[in-house]
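See below for protein_34.csv, which holds CSV, C-alpha atoms.
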```
chain,number,residue,atom,x,y,z
A,1462,ARG,CA,5.4,65.5,292.6
A,1463,LEU,CA,6.4,63.4,295.6
A,1464,MET,CA,3.7,61.0,296.8
A,1465,PHE,CA,3.8,59.0,300.1
A,1466,PHE,CA,2.0,55.7,300.4
A,1467,ASP,CA,1.4,54.9,304.1
A,1468,VAL,CA,1.3,51.1,304.6
A,1469,HIS,CA,-1.4,51.6,307.3
A,1470,LEU,CA,-3.8,53.3,304.9
A,1471,ARG,CA,-3.3,51.6,301.5
A,1472,SER,CA,-5.9,48.9,301.6
A,1473,ALA,CA,-8.8,47.4,303.4
A,1474,LYS,CA,-6.6,44.4,304.5
A,1475,SER,CA,-4.4,46.8,306.4
A,1476,ALA,CA,-6.9,46.6,309.3
A,1477,VAL,CA,-6.0,42.9,309.6
A,1478,ASP,CA,-2.3,42.7,308.9
A,1479,VAL,CA,0.1,45.5,307.8
A,1480,ARG,CA,3.4,43.7,308.2
A,1481,PRO,CA,5.5,43.5,305.0
A,1482,GLN,CA,5.2,40.1,303.3
A,1483,ALA,CA,8.3,38.4,301.8
A,1484,ILE,CA,8.6,37.6,298.2
A,1485,THR,CA,8.8,33.8,298.0
A,1486,GLU,CA,9.0,31.0,295.5
A,1487,ALA,CA,5.2,30.8,295.6
A,1488,ASP,CA,5.2,34.2,293.7
A,1489,SER,CA,7.3,32.6,290.9
A,1490,PHE,CA,8.2,29.2,289.2
A,1491,ASP,CA,11.4,27.2,289.3
A,1492,LYS,CA,13.4,28.7,286.4
A,1493,GLN,CA,12.3,32.2,287.1
A,1494,TRP,CA,13.0,31.7,290.8
A,1495,ALA,CA,16.5,30.5,290.1
A,1496,TYR,CA,17.1,33.8,288.3
A,1497,ILE,CA,15.5,35.9,291.0
A,1498,THR,CA,17.7,34.4,293.7
A,1499,THR,CA,21.0,34.0,291.9
A,1500,PRO,CA,24.0,35.5,293.7
A,1501,THR,CA,26.0,35.7,290.5
A,1502,ARG,CA,27.0,39.2,289.5
A,1503,PHE,CA,26.8,39.1,285.7
A,1504,ASN,CA,23.8,37.4,284.1
A,1505,CYS,CA,22.4,37.1,280.7
A,1506,VAL,CA,18.6,36.3,280.6
A,1507,TRP,CA,16.8,35.4,277.4
A,1508,CYS,CA,13.2,34.4,277.3
A,1509,SER,CA,10.3,34.0,274.8
A,1510,ARG,CA,7.4,36.4,274.8
A,1511,ARG,CA,5.1,36.0,277.8
A,1512,ALA,CA,7.6,34.0,279.7
A,1513,GLY,CA,7.5,36.3,282.7
A,1514,LYS,CA,10.8,38.1,282.2
A,1515,SER,CA,9.5,41.4,283.4
A,1516,ARG,CA,7.8,39.8,286.3
A,1517,GLY,CA,11.1,38.2,287.2
A,1518,ILE,CA,12.9,41.6,287.1
A,1519,VAL,CA,10.4,43.3,289.3
A,1520,ARG,CA,10.5,40.5,291.9
A,1521,ARG,CA,14.3,40.3,291.9
A,1522,ALA,CA,14.6,44.1,292.4
A,1523,ALA,CA,11.9,44.3,295.1
A,1524,ARG,CA,13.3,41.3,296.9
A,1525,GLY,CA,16.7,42.9,296.9
A,1526,GLY,CA,15.4,46.2,298.2
A,1527,MET,CA,13.4,44.5,300.9
A,1528,THR,CA,16.2,42.3,302.2
A,1529,LYS,CA,19.0,44.8,301.9
A,1530,PRO,CA,18.1,48.2,303.5
A,1531,GLY,CA,19.6,51.2,301.8
A,1532,SER,CA,20.4,49.4,298.6
A,1533,ARG,CA,20.1,51.0,295.1
A,1534,TRP,CA,18.5,49.5,292.0
A,1535,LEU,CA,18.4,50.8,288.4
A,1536,TYR,CA,16.2,49.6,285.5
A,1537,ILE,CA,17.0,50.6,281.9
A,1538,THR,CA,15.1,50.0,278.7
A,1539,LEU,CA,15.0,51.6,275.3
A,1540,VAL,CA,11.6,53.4,275.5
A,1541,ARG,CA,10.3,55.4,278.4
A,1542,ASP,CA,6.8,54.0,278.0
A,1543,ASN,CA,8.1,50.5,278.4
A,1544,ALA,CA,10.0,51.5,281.6
A,1545,PHE,CA,6.6,52.7,282.9
A,1546,LYS,CA,4.7,49.6,281.7
A,1547,TYR,CA,7.1,46.8,282.5
A,1548,PHE,CA,8.9,48.0,285.6
A,1549,TRP,CA,7.5,51.2,287.3
A,1550,GLU,CA,3.9,50.3,287.6
A,1551,PRO,CA,4.4,46.6,288.3
A,1552,LEU,CA,7.0,47.5,291.0
A,1553,LYS,CA,4.5,49.8,292.8
A,1554,ALA,CA,1.7,47.2,292.5
A,1555,LEU,CA,3.9,44.5,294.0
A,1556,LEU,CA,5.0,46.6,296.9
A,1557,ASN,CA,1.4,47.5,297.7
A,1558,GLU,CA,0.5,43.9,297.5
A,1559,LYS,CA,3.3,43.0,299.9
A,1560,ASN,CA,2.5,45.9,302.3
A,1561,VAL,CA,5.8,47.7,301.7
A,1562,ALA,CA,5.7,51.4,302.4
A,1563,PHE,CA,7.4,53.7,299.9
A,1564,GLU,CA,7.7,57.2,298.5
A,1565,SER,CA,7.6,57.8,294.7
A,1566,ASN,CA,8.5,60.6,292.3
A,1567,GLU,CA,6.0,59.9,289.5
A,1568,SER,CA,7.7,62.2,286.9
A,1569,ARG,CA,11.2,60.9,287.4
A,1570,PHE,CA,10.3,57.2,288.1
A,1571,MET,CA,12.2,57.2,291.4
A,1572,LEU,CA,11.0,55.2,294.4
A,1573,THR,CA,12.3,54.9,298.0
A,1574,MET,CA,11.2,52.3,300.4
A,1575,ALA,CA,10.8,53.0,304.1
A,1576,ASN,CA,14.0,51.1,304.7
A,1577,GLY,CA,16.0,53.5,302.5
A,1578,SER,CA,16.3,51.3,299.4
A,1579,PHE,CA,16.1,53.3,296.2
A,1580,PHE,CA,14.9,52.4,292.7
A,1581,GLN,CA,15.0,54.3,289.4
A,1582,ALA,CA,13.7,53.4,286.0
A,1583,VAL,CA,15.1,55.2,282.9
A,1584,SER,CA,14.9,54.9,279.1
A,1585,ALA,CA,17.7,55.0,276.5
A,1586,ASN,CA,16.9,58.7,276.1
A,1587,ASP,CA,18.4,59.2,279.6
A,1588,ILE,CA,21.7,57.4,278.8
A,1589,SER,CA,23.7,60.6,278.3
A,1590,SER,CA,22.7,61.8,281.8
A,1591,ILE,CA,23.5,58.4,283.3
A,1592,ALA,CA,27.0,58.5,281.8
A,1593,THR,CA,27.7,61.8,283.5
A,1594,LYS,CA,26.7,60.6,286.9
A,1595,LYS,CA,30.2,59.5,287.9
A,1596,GLY,CA,29.3,59.2,291.5
A,1597,ASP,CA,26.3,56.8,291.1
A,1598,GLU,CA,26.5,53.4,292.8
A,1599,TRP,CA,24.2,50.5,292.2
A,1600,ASP,CA,23.5,47.2,293.9
A,1601,GLY,CA,21.8,45.9,290.8
A,1602,VAL,CA,21.2,47.1,287.2
A,1603,PHE,CA,18.7,45.6,284.9
A,1604,LEU,CA,19.3,46.3,281.2
A,1605,ASP,CA,16.0,45.1,279.6
A,1606,GLU,CA,15.0,44.5,276.0
A,1607,ALA,CA,18.7,44.3,275.1
A,1608,GLN,CA,18.0,42.9,271.7
A,1609,ASP,CA,16.5,46.3,270.7
A,1610,PHE,CA,19.6,48.4,271.6
A,1611,GLY,CA,22.0,49.4,268.8
A,1612,ALA,CA,25.7,48.4,269.2
A,1613,LYS,CA,26.7,52.0,269.5
A,1614,VAL,CA,24.5,52.5,272.5
A,1615,ILE,CA,24.6,49.2,274.4
A,1616,GLY,CA,28.4,48.8,274.3
A,1617,PRO,CA,29.3,52.2,275.8
A,1618,LEU,CA,26.3,52.0,278.2
A,1619,ILE,CA,27.6,48.8,279.7
A,1620,ASP,CA,31.3,49.4,279.6
A,1621,ILE,CA,31.5,53.2,280.4
A,1622,ALA,CA,28.4,53.9,282.4
A,1623,ILE,CA,27.3,50.7,284.2
A,1624,PHE,CA,30.5,48.8,285.1
A,1625,PRO,CA,32.2,51.6,287.1
A,1626,ALA,CA,28.9,52.1,289.0
A,1627,LEU,CA,28.9,48.5,290.4
A,1628,GLY,CA,32.3,48.2,292.0
A,1629,ASN,CA,31.8,49.9,295.4
A,1630,ARG,CA,28.7,47.9,296.2
A,1631,SER,CA,29.8,44.7,294.4
A,1632,GLY,CA,26.7,45.2,292.4
A,1633,PHE,CA,25.3,42.9,289.6
A,1634,LEU,CA,24.3,43.5,286.0
A,1635,ASP,CA,21.5,41.6,284.4
A,1636,VAL,CA,21.2,41.9,280.6
A,1637,LEU,CA,17.8,40.6,279.5
A,1638,GLY,CA,15.9,40.2,276.3
A,1639,THR,CA,14.2,37.9,273.8
A,1640,PRO,CA,16.1,35.9,271.2
A,1641,PRO,CA,17.0,38.3,268.4
A,1642,ASN,CA,15.6,37.4,265.0
A,1643,VAL,CA,19.0,38.1,263.4
A,1644,GLN,CA,21.9,36.2,264.9
A,1645,HIS,CA,24.4,39.1,265.3
A,1646,GLY,CA,24.8,42.1,267.5
A,1647,TYR,CA,26.0,42.9,271.0
A,1648,TYR,CA,23.2,40.9,272.8
A,1649,TYR,CA,23.5,37.9,270.6
A,1650,ASP,CA,27.3,37.9,271.0
A,1651,LEU,CA,26.8,38.1,274.7
A,1652,ILE,CA,24.5,35.1,274.7
A,1653,VAL,CA,26.8,32.9,272.6
A,1654,SER,CA,30.0,34.0,274.4
A,1655,LYS,CA,28.9,32.4,277.7
A,1656,ARG,CA,30.8,35.2,279.6
A,1657,TYR,CA,27.8,35.8,281.8
A,1658,THR,CA,25.8,33.3,283.7
A,1659,GLU,CA,22.9,32.3,281.5
A,1660,PHE,CA,19.2,32.0,282.5
A,1661,ARG,CA,16.7,30.9,279.9
A,1662,TRP,CA,13.0,30.0,280.0
A,1663,THR,CA,9.9,30.2,277.8
A,1664,MET,CA,6.2,30.8,278.2
A,1665,PHE,CA,5.8,27.1,278.5
A,1666,ASP,CA,7.6,27.3,281.9
A,1667,ASN,CA,5.4,30.2,283.1
A,1668,LYS,CA,2.7,28.9,285.4
A,1669,PHE,CA,1.0,32.3,285.2
A,1670,TYR,CA,0.4,31.8,281.5
A,1671,PRO,CA,-1.5,28.5,281.2
A,1672,ASN,CA,-2.6,29.0,277.6
A,1673,ALA,CA,0.9,28.7,276.1
A,1674,GLN,CA,0.4,25.4,274.2
A,1675,ALA,CA,-3.0,26.5,272.8
A,1676,GLU,CA,-1.6,29.8,271.7
A,1677,TYR,CA,1.4,28.1,270.1
A,1678,GLU,CA,-0.8,25.7,268.1
A,1679,LEU,CA,-3.2,28.5,267.0
A,1680,SER,CA,-0.3,30.6,265.9
A,1681,LEU,CA,1.1,27.9,263.7
A,1682,SER,CA,-2.2,27.1,262.1
A,1683,THR,CA,-3.4,30.6,261.5
A,1684,ARG,CA,-0.1,32.1,260.4
A,1685,GLY,CA,1.0,29.2,258.2
A,1686,LEU,CA,4.4,29.2,259.9
A,1687,THR,CA,6.5,26.2,261.1
A,1688,ARG,CA,8.2,25.7,264.5
A,1689,ASP,CA,11.6,26.6,262.9
A,1690,HIS,CA,10.5,30.0,261.6
A,1691,PRO,CA,12.4,32.9,263.3
A,1692,ILE,CA,9.2,34.6,264.4
A,1693,ILE,CA,7.9,31.4,266.1
A,1694,GLN,CA,11.3,30.8,267.7
A,1695,SER,CA,11.4,34.3,269.1
A,1696,GLU,CA,7.8,34.4,270.4
A,1697,PHE,CA,7.6,30.9,271.8
A,1698,PHE,CA,11.1,29.5,272.3
```

Please go through the file and, once you have read it, give me the structure as structure tokens.
Amino acid sequence: RLMFFDVHLRSAKSAVDVRPQAITEADSFDKQWAYITTPTRFNCVWCSRRAGKSRGIVRRAARGGMTKPGSRWLYITLVRDNAFKYFWEPLKALLNEKNVAFESNESRFMLTMANGSFFQAVSANDISSIATKKGDEWDGVFLDEAQDFGAKVIGPLIDIAIFPALGNRSGFLDVLGTPPNVQHGYYYDLIVSKRYTEFRWTMFDNKFYPNAQAEYELSLSTRGLTRDHPIIQSEFF
């Protein structure tokens, strides 16, 4: 079902000011903002839990759509529920917050801004259909939770489906995830290869998560783990 959100009717504040508001550095923090604003086309992002990775994706995508009318943006993750939770719902909430009008198809996770910019969120279960869309073109593709994809999926997805879809628009590809517990696999190899521009930050850099140090200390004391344990490294560093 197609739903239209009129910027003049969305909220009480519309009576005061309905102009779209830009996404700025005040919505972010230094390391995340460096990622949001990077002009580089191939980027590898790895973050701890609660570092604000998903928040960065949503702001990078929305900022791109707002500043480049008619642009096209694709978000891919392994599980459809996570596409809904980490991208679809936060994207709509951010656009409402910034007074940006849009139409959305709730069943297909498709959204079109008033300026013509288009967004779609899909799960790995949709990969076969993505691969058959030979005519698709994207200004930006976000491949999230990359550490959870098997090599037989992520390799063909990037090399066969995504790369050909970037050329006409000089689009970018961001491959994002958390440090894998086991040091092998496509995403780990991409991290250590340095072929992509690297962005890395942790929950300790995230100004929107002020309890990071307390949670870290509590986790060590209650779980009986050390800083060097793979679980602690993945969650906090």

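Of note, CA of Leu1627 (chain A) and CA of Trp1662 (chain A) are spaced 26.5 Å apart.
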
Nearest residue to Asn1560 (chain A) from the set A:Pro1481, A:Gly1685, A:Gly1611, A:Pro1641 (distances using only C-alpha atoms): A:Pro1481

Region 1603-1609 of chain A: which residues within 8 Å, counting all atoms listed in the file, same-chain residues fewer than 4 positions away excluded, as a ChimeraX atom specification? /A:1518,1535-1539,1615,1634-1641,1648-1649

Long-range neighbours of region 1672-1683 of chain A as a PDB file with C-alpha atoms, in the coordinates of the input, 12 Å cut-off, all atoms listed in the file, 5 positions minimum in chain:
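To be explicit, this is the file written out as result_14.pdb:
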```pdb
ATOM      1  CA  SER A1509      10.300  34.000 274.800  1.00  0.00           C
ATOM      2  CA  ARG A1510       7.400  36.400 274.800  1.00  0.00           C
ATOM      3  CA  ARG A1511       5.100  36.000 277.800  1.00  0.00           C
ATOM      4  CA  ALA A1512       7.600  34.000 279.700  1.00  0.00           C
ATOM      5  CA  THR A1663       9.900  30.200 277.800  1.00  0.00           C
ATOM      6  CA  MET A1664       6.200  30.800 278.200  1.00  0.00           C
ATOM      7  CA  PHE A1665       5.800  27.100 278.500  1.00  0.00           C
ATOM      8  CA  ASP A1666       7.600  27.300 281.900  1.00  0.00           C
ATOM      9  CA  ASN A1667       5.400  30.200 283.100  1.00  0.00           C
ATOM     10  CA  ARG A1688       8.200  25.700 264.500  1.00  0.00           C
ATOM     11  CA  ASP A1689      11.600  26.600 262.900  1.00  0.00           C
ATOM     12  CA  HIS A1690      10.500  30.000 261.600  1.00  0.00           C
ATOM     13  CA  ILE A1692       9.200  34.600 264.400  1.00  0.00           C
ATOM     14  CA  ILE A1693       7.900  31.400 266.100  1.00  0.00           C
ATOM     15  CA  GLN A1694      11.300  30.800 267.700  1.00  0.00           C
ATOM     16  CA  SER A1695      11.400  34.300 269.100  1.00  0.00           C
ATOM     17  CA  GLU A1696       7.800  34.400 270.400  1.00  0.00           C
ATOM     18  CA  PHE A1697       7.600  30.900 271.800  1.00  0.00           C
ATOM     19  CA  PHE A1698      11.100  29.500 272.300  1.00  0.00           C
TER      20      PHE A1698
END
```

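The nearest approach to Phe1610 (chain A) among the residues A:Phe1563, A:Tyr1647, A:Tyr1657, A:Phe1579, with only C-alpha atoms taken into account, belongs to A:Tyr1647.
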
Please, what distance in Å, to one decimal, runs between CA of Ala1522 (chain A) and CA of Trp1534 (chain A)?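 Value for the CA of Ala1522 (chain A)-CA of Trp1534 (chain A) distance: 6.7 Å.
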
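As for CA of Arg1480 (chain A) and CA of Arg1524 (chain A), they are spaced 15.2 Å apart.
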